[in-house]
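J.: My questions will all concern the structure given below.
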Amino acid sequence: MNAIFLLILAILDLYKLVLIITIVMSWLFTFGVINRYNQVVDAVWNVCTALTEPVLRPIRNILPSMGGLDLSPLVVFFAILFLQNFIRYDLMPALT
(Lines give C-alpha, C1' and ligand atoms only; values in the text may rest on other atoms or scores of the structure.)
Protein backbone atom coordinates (compact mmCIF):
# COMPACT_ATOMS: atom_id res chain seq x y z
CA MET A 1 0.00 0.00 0.00
CA ASN A 2 2.88 2.37 0.74
CA ALA A 3 4.25 1.82 -2.76
CA ILE A 4 1.03 3.21 -4.24
CA PHE A 5 1.21 6.27 -2.01
CA LEU A 6 4.85 6.81 -2.90
CA LEU A 7 3.99 6.55 -6.60
CA ILE A 8 1.21 9.14 -6.18
CA LEU A 9 3.60 11.44 -4.32
CA ALA A 10 6.20 11.08 -7.10
CA ILE A 11 3.60 11.86 -9.79
CA LEU A 12 2.51 14.95 -7.86
CA ASP A 13 6.16 16.05 -7.61
CA LEU A 14 6.54 15.66 -11.38
CA TYR A 15 3.36 17.66 -11.96
CA LYS A 16 4.71 20.45 -9.77
CA LEU A 17 7.86 20.46 -11.91
CA VAL A 18 5.81 20.67 -15.12
CA LEU A 19 3.80 23.51 -13.59
CA ILE A 20 6.98 25.44 -12.72
CA ILE A 21 8.39 24.86 -16.22
CA THR A 22 5.16 26.20 -17.74
CA ILE A 23 5.25 29.31 -15.54
CA VAL A 24 8.91 30.06 -16.30
CA MET A 25 8.44 29.49 -20.03
CA SER A 26 5.46 31.85 -20.13
CA TRP A 27 7.61 34.54 -18.46
CA LEU A 28 10.43 33.91 -20.92
CA PHE A 29 7.98 34.25 -23.83
CA THR A 30 6.61 37.49 -22.37
CA PHE A 31 10.04 39.06 -21.97
CA GLY A 32 11.28 37.86 -25.36
CA VAL A 33 14.07 35.65 -24.04
CA ILE A 34 12.87 32.61 -25.99
CA ASN A 35 10.47 32.32 -28.89
CA ARG A 36 8.14 29.63 -30.10
CA TYR A 37 9.75 29.44 -33.55
CA ASN A 38 12.33 27.08 -32.10
CA GLN A 39 11.00 23.54 -32.57
CA VAL A 40 12.35 22.22 -29.26
CA VAL A 41 10.91 25.14 -27.29
CA ASP A 42 7.58 24.77 -29.06
CA ALA A 43 7.47 21.02 -28.37
CA VAL A 44 8.23 21.50 -24.67
CA TRP A 45 5.62 24.28 -24.47
CA ASN A 46 2.96 22.14 -26.16
CA VAL A 47 3.57 19.21 -23.81
CA CYS A 48 3.55 21.41 -20.70
CA THR A 49 0.39 23.28 -21.65
CA ALA A 50 -1.34 20.04 -22.62
CA LEU A 51 -0.62 18.72 -19.11
CA THR A 52 -1.46 21.87 -17.16
CA GLU A 53 -4.31 23.59 -19.03
CA PRO A 54 -7.04 21.06 -18.14
CA VAL A 55 -6.33 21.73 -14.46
CA LEU A 56 -5.70 25.48 -14.69
CA ARG A 57 -8.63 26.45 -16.93
CA PRO A 58 -11.45 25.71 -14.42
CA ILE A 59 -9.55 27.56 -11.70
CA ARG A 60 -9.09 30.57 -13.99
CA ASN A 61 -12.85 30.62 -14.53
CA ILE A 62 -13.48 30.72 -10.78
CA LEU A 63 -10.82 33.24 -9.74
CA PRO A 64 -11.54 36.93 -10.32
CA SER A 65 -9.44 38.82 -12.84
CA MET A 66 -6.32 40.30 -11.27
CA GLY A 67 -5.34 42.60 -14.13
CA GLY A 68 -3.18 40.24 -16.14
CA LEU A 69 -1.82 38.34 -13.12
CA ASP A 70 -2.68 34.65 -13.28
CA LEU A 71 -2.94 33.12 -9.82
CA SER A 72 -4.29 29.74 -10.92
CA PRO A 73 -0.86 28.01 -10.94
CA LEU A 74 -0.34 29.19 -7.37
CA VAL A 75 -3.68 27.70 -6.33
CA VAL A 76 -2.84 24.39 -8.00
CA PHE A 77 0.64 24.37 -6.46
CA PHE A 78 -0.76 24.88 -2.95
CA ALA A 79 -3.44 22.25 -3.56
CA ILE A 80 -0.75 19.76 -4.56
CA LEU A 81 1.29 20.60 -1.46
CA PHE A 82 -1.80 20.13 0.71
CA LEU A 83 -2.59 16.80 -0.95
CA GLN A 84 0.99 15.57 -0.57
CA ASN A 85 1.07 16.50 3.11
CA PHE A 86 -2.31 14.84 3.65
CA ILE A 87 -1.08 11.63 2.03
CA ARG A 88 2.31 11.69 3.74
CA TYR A 89 1.29 12.63 7.29
CA ASP A 90 -2.35 11.56 7.64
CA LEU A 91 -3.24 8.83 5.17
CA MET A 92 -0.06 6.73 5.09
CA PRO A 93 0.33 6.43 8.88
CA ALA A 94 -3.36 5.62 9.31
CA LEU A 95 -3.21 2.73 6.84
CA THR A 96 0.07 1.16 7.95
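Chain labels A, B, ... are given in the sequence in which chains occur in the C-alpha coordinates; within each chain residues are numbered consecutively from 1, and ligands are likewise numbered from 1 in the order shown.
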Can you pull out the residues contacting range 73-79 of chain A? Cut-off 9 Å, using only C-alpha atoms, and skip same-chain residues under 6 positions away; I want them as number ranges by chain.
T.: A: 16, 19-20, 23, 52, 55-56, 59
J.: What would the file look like if the residues just selected were written as an mmCIF file, in the first residue's frame with all heavy atoms?
T.:
data_model
loop_
_atom_site.group_PDB
_atom_site.id
_atom_site.type_symbol
_atom_site.label_atom_id
_atom_site.label_comp_id
_atom_site.auth_asym_id
_atom_site.auth_seq_id
_atom_site.Cartn_x
_atom_site.Cartn_y
_atom_site.Cartn_z
ATOM 1 N N LYS A 16 4.243 19.146 -10.245
ATOM 2 C CA LYS A 16 4.714 20.453 -9.767
ATOM 3 C C LYS A 16 5.858 20.961 -10.634
ATOM 4 O O LYS A 16 5.913 22.151 -10.951
ATOM 5 C CB LYS A 16 5.175 20.363 -8.303
ATOM 6 C CG LYS A 16 4.067 20.320 -7.300
ATOM 7 C CD LYS A 16 4.532 20.496 -5.880
ATOM 8 C CE LYS A 16 5.650 19.601 -5.482
ATOM 9 N NZ LYS A 16 5.985 19.633 -4.046
ATOM 10 N N LEU A 19 4.459 22.238 -13.852
ATOM 11 C CA LEU A 19 3.799 23.513 -13.587
ATOM 12 C C LEU A 19 4.817 24.653 -13.498
ATOM 13 O O LEU A 19 4.614 25.726 -14.073
ATOM 14 C CB LEU A 19 2.988 23.403 -12.297
ATOM 15 C CG LEU A 19 1.995 24.473 -11.972
ATOM 16 C CD1 LEU A 19 0.919 24.555 -13.027
ATOM 17 C CD2 LEU A 19 1.374 24.205 -10.614
ATOM 18 N N ILE A 20 5.924 24.417 -12.834
ATOM 19 C CA ILE A 20 6.977 25.436 -12.719
ATOM 20 C C ILE A 20 7.599 25.713 -14.087
ATOM 21 O O ILE A 20 7.851 26.875 -14.439
ATOM 22 C CB ILE A 20 8.043 24.985 -11.690
ATOM 23 C CG1 ILE A 20 7.449 25.027 -10.283
ATOM 24 C CG2 ILE A 20 9.284 25.865 -11.773
ATOM 25 C CD1 ILE A 20 8.319 24.405 -9.222
ATOM 26 N N ILE A 23 5.237 27.932 -16.030
ATOM 27 C CA ILE A 23 5.253 29.312 -15.541
ATOM 28 C C ILE A 23 6.500 30.041 -16.035
ATOM 29 O O ILE A 23 6.418 31.162 -16.549
ATOM 30 C CB ILE A 23 5.190 29.332 -14.001
ATOM 31 C CG1 ILE A 23 3.844 28.806 -13.516
ATOM 32 C CG2 ILE A 23 5.443 30.726 -13.456
ATOM 33 C CD1 ILE A 23 3.806 28.501 -12.038
ATOM 34 N N THR A 52 -1.017 20.957 -18.209
ATOM 35 C CA THR A 52 -1.464 21.873 -17.160
ATOM 36 C C THR A 52 -2.786 22.575 -17.452
ATOM 37 O O THR A 52 -3.516 22.900 -16.522
ATOM 38 C CB THR A 52 -0.394 22.946 -16.891
ATOM 39 O OG1 THR A 52 -0.115 23.656 -18.093
ATOM 40 C CG2 THR A 52 0.867 22.327 -16.333
ATOM 41 N N VAL A 55 -6.200 21.461 -15.894
ATOM 42 C CA VAL A 55 -6.333 21.728 -14.463
ATOM 43 C C VAL A 55 -6.463 23.229 -14.200
ATOM 44 O O VAL A 55 -7.239 23.651 -13.335
ATOM 45 C CB VAL A 55 -5.118 21.151 -13.696
ATOM 46 C CG1 VAL A 55 -5.169 21.496 -12.230
ATOM 47 C CG2 VAL A 55 -5.048 19.650 -13.892
ATOM 48 N N LEU A 56 -5.717 24.044 -14.939
ATOM 49 C CA LEU A 56 -5.701 25.484 -14.688
ATOM 50 C C LEU A 56 -6.940 26.201 -15.206
ATOM 51 O O LEU A 56 -7.382 27.182 -14.606
ATOM 52 C CB LEU A 56 -4.450 26.106 -15.317
ATOM 53 C CG LEU A 56 -3.112 25.681 -14.732
ATOM 54 C CD1 LEU A 56 -1.975 26.302 -15.519
ATOM 55 C CD2 LEU A 56 -3.012 26.041 -13.273
ATOM 56 N N ILE A 59 -9.912 26.658 -12.795
ATOM 57 C CA ILE A 59 -9.554 27.564 -11.698
ATOM 58 C C ILE A 59 -9.531 29.000 -12.193
ATOM 59 O O ILE A 59 -9.951 29.915 -11.474
ATOM 60 C CB ILE A 59 -8.206 27.138 -11.085
ATOM 61 C CG1 ILE A 59 -8.357 25.755 -10.462
ATOM 62 C CG2 ILE A 59 -7.720 28.139 -10.056
ATOM 63 C CD1 ILE A 59 -7.096 25.132 -10.005
#
J.: Hey, which of A:Thr49, A:Asn2, A:Ser65, A:Thr96 ends up closest to Ser26 in chain A? Count only C-alpha atoms.
T.: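 Between A:Thr49, A:Asn2, A:Ser65, A:Thr96, the residue approaching Ser26 in chain A most closely is A:Thr49.
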J.: Do you know which residues are at most 12 Å from Asp42 in chain A counting only C-alpha atoms, after dropping those on the same chain fewer than 6 positions away, and could you put them as a CSV table (one decimal) with N, CA and C atoms, in the first residue's frame?
T.:
chain,number,residue,atom,x,y,z
A,22,THR,N,6.1,25.4,-17.0
A,22,THR,CA,5.2,26.2,-17.7
A,22,THR,C,5.2,27.7,-17.3
A,25,MET,N,8.5,29.3,-18.6
A,25,MET,CA,8.4,29.5,-20.0
A,25,MET,C,7.5,30.6,-20.4
A,26,SER,N,6.4,30.8,-19.8
A,26,SER,CA,5.5,31.9,-20.1
A,26,SER,C,6.1,33.2,-19.8
A,29,PHE,N,8.7,33.8,-22.6
A,29,PHE,CA,8.0,34.3,-23.8
A,29,PHE,C,7.6,35.7,-23.7
A,34,ILE,N,13.0,33.7,-25.1
A,34,ILE,CA,12.9,32.6,-26.0
A,34,ILE,C,11.7,32.9,-26.9
A,35,ASN,N,11.6,32.2,-28.0
A,35,ASN,CA,10.5,32.3,-28.9
A,35,ASN,C,10.0,30.9,-29.3
A,36,ARG,N,8.8,30.9,-29.8
A,36,ARG,CA,8.1,29.6,-30.1
A,36,ARG,C,8.5,29.2,-31.5
A,48,CYS,N,3.8,20.8,-22.0
A,48,CYS,CA,3.6,21.4,-20.7
A,48,CYS,C,2.1,22.0,-20.6
A,49,THR,N,1.7,22.7,-21.7
A,49,THR,CA,0.4,23.3,-21.7
A,49,THR,C,-0.7,22.2,-21.8
A,50,ALA,N,-0.4,21.1,-22.5
A,50,ALA,CA,-1.3,20.0,-22.6
A,50,ALA,C,-1.6,19.4,-21.3
J.: Hey, can you check how far CA of Leu51 in chain A sits from CA of Tyr15 in chain A?
T.: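 Between CA of Leu51 in chain A and CA of Tyr15 in chain A the gap works out to 8.3 Å.
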J.: As a PyMOL selection string, list the residues of chain A assigned to alpha helix (DSSP H) by DSSP on the backbone atoms of this structure.
T.: chain A and resi 2-30+39-62+72-86+92-95
J.: Would you kindly return, as a PDB file with all heavy atoms, in the first residue's frame, each protein, DNA or RNA residue with an atom no farther than 12 Å from any atom of range 82-86 of chain A, considering only C-alpha atoms and excluding same-chain residues fewer than 6 positions away?
T.:
ATOM      1  N   PHE A   5       1.136   4.891  -2.507  1.00  0.00           N
ATOM      2  CA  PHE A   5       1.206   6.268  -2.015  1.00  0.00           C
ATOM      3  C   PHE A   5       2.485   6.963  -2.472  1.00  0.00           C
ATOM      4  O   PHE A   5       2.467   8.143  -2.829  1.00  0.00           O
ATOM      5  CB  PHE A   5       1.108   6.307  -0.490  1.00  0.00           C
ATOM      6  CG  PHE A   5      -0.256   5.973   0.027  1.00  0.00           C
ATOM      7  CD1 PHE A   5      -0.404   5.092   1.077  1.00  0.00           C
ATOM      8  CD2 PHE A   5      -1.394   6.530  -0.527  1.00  0.00           C
ATOM      9  CE1 PHE A   5      -1.657   4.785   1.573  1.00  0.00           C
ATOM     10  CE2 PHE A   5      -2.654   6.223  -0.056  1.00  0.00           C
ATOM     11  CZ  PHE A   5      -2.784   5.347   1.002  1.00  0.00           C
ATOM     12  N   LEU A   6       3.592   6.224  -2.453  1.00  0.00           N
ATOM     13  CA  LEU A   6       4.851   6.813  -2.904  1.00  0.00           C
ATOM     14  C   LEU A   6       4.816   7.120  -4.396  1.00  0.00           C
ATOM     15  O   LEU A   6       5.376   8.123  -4.840  1.00  0.00           O
ATOM     16  CB  LEU A   6       6.013   5.884  -2.565  1.00  0.00           C
ATOM     17  CG  LEU A   6       6.295   5.712  -1.073  1.00  0.00           C
ATOM     18  CD1 LEU A   6       7.391   4.689  -0.858  1.00  0.00           C
ATOM     19  CD2 LEU A   6       6.658   7.037  -0.432  1.00  0.00           C
ATOM     20  N   LEU A   7       4.149   6.281  -5.174  1.00  0.00           N
ATOM     21  CA  LEU A   7       3.988   6.550  -6.599  1.00  0.00           C
ATOM     22  C   LEU A   7       3.140   7.802  -6.821  1.00  0.00           C
ATOM     23  O   LEU A   7       3.476   8.648  -7.657  1.00  0.00           O
ATOM     24  CB  LEU A   7       3.352   5.344  -7.289  1.00  0.00           C
ATOM     25  CG  LEU A   7       3.074   5.498  -8.784  1.00  0.00           C
ATOM     26  CD1 LEU A   7       4.386   5.632  -9.553  1.00  0.00           C
ATOM     27  CD2 LEU A   7       2.259   4.335  -9.292  1.00  0.00           C
ATOM     28  N   ILE A   8       2.065   7.949  -6.071  1.00  0.00           N
ATOM     29  CA  ILE A   8       1.213   9.135  -6.175  1.00  0.00           C
ATOM     30  C   ILE A   8       1.996  10.381  -5.796  1.00  0.00           C
ATOM     31  O   ILE A   8       1.904  11.417  -6.469  1.00  0.00           O
ATOM     32  CB  ILE A   8      -0.051   8.973  -5.311  1.00  0.00           C
ATOM     33  CG1 ILE A   8      -0.944   7.889  -5.887  1.00  0.00           C
ATOM     34  CG2 ILE A   8      -0.812  10.290  -5.197  1.00  0.00           C
ATOM     35  CD1 ILE A   8      -2.095   7.478  -4.989  1.00  0.00           C
ATOM     36  N   LEU A   9       2.789  10.296  -4.742  1.00  0.00           N
ATOM     37  CA  LEU A   9       3.602  11.444  -4.324  1.00  0.00           C
ATOM     38  C   LEU A   9       4.631  11.811  -5.395  1.00  0.00           C
ATOM     39  O   LEU A   9       4.877  12.992  -5.651  1.00  0.00           O
ATOM     40  CB  LEU A   9       4.295  11.141  -2.993  1.00  0.00           C
ATOM     41  CG  LEU A   9       3.390  11.059  -1.773  1.00  0.00           C
ATOM     42  CD1 LEU A   9       4.180  10.577  -0.562  1.00  0.00           C
ATOM     43  CD2 LEU A   9       2.726  12.393  -1.489  1.00  0.00           C
ATOM     44  N   ALA A  10       5.226  10.809  -6.034  1.00  0.00           N
ATOM     45  CA  ALA A  10       6.198  11.079  -7.102  1.00  0.00           C
ATOM     46  C   ALA A  10       5.529  11.723  -8.310  1.00  0.00           C
ATOM     47  O   ALA A  10       6.080  12.654  -8.917  1.00  0.00           O
ATOM     48  CB  ALA A  10       6.901   9.785  -7.500  1.00  0.00           C
ATOM     49  N   ILE A  11       4.331  11.260  -8.660  1.00  0.00           N
ATOM     50  CA  ILE A  11       3.602  11.856  -9.786  1.00  0.00           C
ATOM     51  C   ILE A  11       3.237  13.301  -9.479  1.00  0.00           C
ATOM     52  O   ILE A  11       3.341  14.180 -10.351  1.00  0.00           O
ATOM     53  CB  ILE A  11       2.356  11.007 -10.122  1.00  0.00           C
ATOM     54  CG1 ILE A  11       2.787   9.680 -10.729  1.00  0.00           C
ATOM     55  CG2 ILE A  11       1.413  11.748 -11.054  1.00  0.00           C
ATOM     56  CD1 ILE A  11       1.672   8.668 -10.876  1.00  0.00           C
ATOM     57  N   LEU A  12       2.826  13.574  -8.253  1.00  0.00           N
ATOM     58  CA  LEU A  12       2.508  14.948  -7.863  1.00  0.00           C
ATOM     59  C   LEU A  12       3.756  15.835  -7.898  1.00  0.00           C
ATOM     60  O   LEU A  12       3.673  17.013  -8.278  1.00  0.00           O
ATOM     61  CB  LEU A  12       1.849  14.978  -6.485  1.00  0.00           C
ATOM     62  CG  LEU A  12       0.430  14.415  -6.421  1.00  0.00           C
ATOM     63  CD1 LEU A  12      -0.041  14.322  -4.977  1.00  0.00           C
ATOM     64  CD2 LEU A  12      -0.521  15.258  -7.244  1.00  0.00           C
ATOM     65  N   ASP A  13       4.901  15.294  -7.506  1.00  0.00           N
ATOM     66  CA  ASP A  13       6.156  16.051  -7.609  1.00  0.00           C
ATOM     67  C   ASP A  13       6.480  16.377  -9.067  1.00  0.00           C
ATOM     68  O   ASP A  13       6.898  17.493  -9.383  1.00  0.00           O
ATOM     69  CB  ASP A  13       7.313  15.271  -6.989  1.00  0.00           C
ATOM     70  CG  ASP A  13       7.373  15.409  -5.481  1.00  0.00           C
ATOM     71  OD1 ASP A  13       6.862  16.428  -4.955  1.00  0.00           O
ATOM     72  OD2 ASP A  13       7.919  14.496  -4.824  1.00  0.00           O
ATOM     73  N   TYR A  15       4.332  16.672 -11.485  1.00  0.00           N
ATOM     74  CA  TYR A  15       3.362  17.656 -11.956  1.00  0.00           C
ATOM     75  C   TYR A  15       3.729  19.058 -11.470  1.00  0.00           C
ATOM     76  O   TYR A  15       3.555  20.031 -12.210  1.00  0.00           O
ATOM     77  CB  TYR A  15       1.942  17.286 -11.514  1.00  0.00           C
ATOM     78  CG  TYR A  15       0.891  18.050 -12.270  1.00  0.00           C
ATOM     79  CD1 TYR A  15       0.528  17.651 -13.547  1.00  0.00           C
ATOM     80  CD2 TYR A  15       0.283  19.172 -11.734  1.00  0.00           C
ATOM     81  CE1 TYR A  15      -0.415  18.345 -14.269  1.00  0.00           C
ATOM     82  CE2 TYR A  15      -0.661  19.876 -12.448  1.00  0.00           C
ATOM     83  CZ  TYR A  15      -1.001  19.462 -13.709  1.00  0.00           C
ATOM     84  OH  TYR A  15      -1.933  20.166 -14.426  1.00  0.00           O
ATOM     85  N   LYS A  16       4.243  19.146 -10.245  1.00  0.00           N
ATOM     86  CA  LYS A  16       4.714  20.453  -9.767  1.00  0.00           C
ATOM     87  C   LYS A  16       5.858  20.961 -10.634  1.00  0.00           C
ATOM     88  O   LYS A  16       5.913  22.151 -10.951  1.00  0.00           O
ATOM     89  CB  LYS A  16       5.175  20.363  -8.303  1.00  0.00           C
ATOM     90  CG  LYS A  16       4.067  20.320  -7.300  1.00  0.00           C
ATOM     91  CD  LYS A  16       4.532  20.496  -5.880  1.00  0.00           C
ATOM     92  CE  LYS A  16       5.650  19.601  -5.482  1.00  0.00           C
ATOM     93  NZ  LYS A  16       5.985  19.633  -4.046  1.00  0.00           N
ATOM     94  N   VAL A  75      -2.627  28.469  -6.985  1.00  0.00           N
ATOM     95  CA  VAL A  75      -3.685  27.702  -6.330  1.00  0.00           C
ATOM     96  C   VAL A  75      -3.444  26.205  -6.512  1.00  0.00           C
ATOM     97  O   VAL A  75      -3.552  25.420  -5.560  1.00  0.00           O
ATOM     98  CB  VAL A  75      -5.070  28.114  -6.878  1.00  0.00           C
ATOM     99  CG1 VAL A  75      -6.162  27.199  -6.377  1.00  0.00           C
ATOM    100  CG2 VAL A  75      -5.379  29.556  -6.521  1.00  0.00           C
ATOM    101  N   VAL A  76      -3.097  25.805  -7.724  1.00  0.00           N
ATOM    102  CA  VAL A  76      -2.837  24.389  -7.997  1.00  0.00           C
ATOM    103  C   VAL A  76      -1.608  23.913  -7.231  1.00  0.00           C
ATOM    104  O   VAL A  76      -1.601  22.814  -6.664  1.00  0.00           O
ATOM    105  CB  VAL A  76      -2.674  24.144  -9.516  1.00  0.00           C
ATOM    106  CG1 VAL A  76      -2.200  22.724  -9.800  1.00  0.00           C
ATOM    107  CG2 VAL A  76      -3.959  24.428 -10.239  1.00  0.00           C
ATOM    108  N   MET A  92      -1.012   7.843   5.014  1.00  0.00           N
ATOM    109  CA  MET A  92      -0.061   6.733   5.088  1.00  0.00           C
ATOM    110  C   MET A  92       0.080   6.165   6.498  1.00  0.00           C
ATOM    111  O   MET A  92       0.028   4.942   6.676  1.00  0.00           O
ATOM    112  CB  MET A  92       1.312   7.152   4.530  1.00  0.00           C
ATOM    113  CG  MET A  92       1.380   7.128   3.034  1.00  0.00           C
ATOM    114  SD  MET A  92       2.941   7.703   2.335  1.00  0.00           S
ATOM    115  CE  MET A  92       4.112   6.565   3.030  1.00  0.00           C
ATOM    116  N   PRO A  93       0.238   7.011   7.530  1.00  0.00           N
ATOM    117  CA  PRO A  93       0.332   6.427   8.885  1.00  0.00           C
ATOM    118  C   PRO A  93      -0.946   5.733   9.342  1.00  0.00           C
ATOM    119  O   PRO A  93      -0.904   4.775  10.098  1.00  0.00           O
ATOM    120  CB  PRO A  93       0.641   7.630   9.772  1.00  0.00           C
ATOM    121  CG  PRO A  93       1.223   8.643   8.874  1.00  0.00           C
ATOM    122  CD  PRO A  93       0.556   8.434   7.558  1.00  0.00           C
ATOM    123  N   ALA A  94      -2.099   6.220   8.876  1.00  0.00           N
ATOM    124  CA  ALA A  94      -3.359   5.618   9.305  1.00  0.00           C
ATOM    125  C   ALA A  94      -3.565   4.234   8.698  1.00  0.00           C
ATOM    126  O   ALA A  94      -4.236   3.387   9.297  1.00  0.00           O
ATOM    127  CB  ALA A  94      -4.521   6.531   8.923  1.00  0.00           C
TER     128      ALA A  94
END
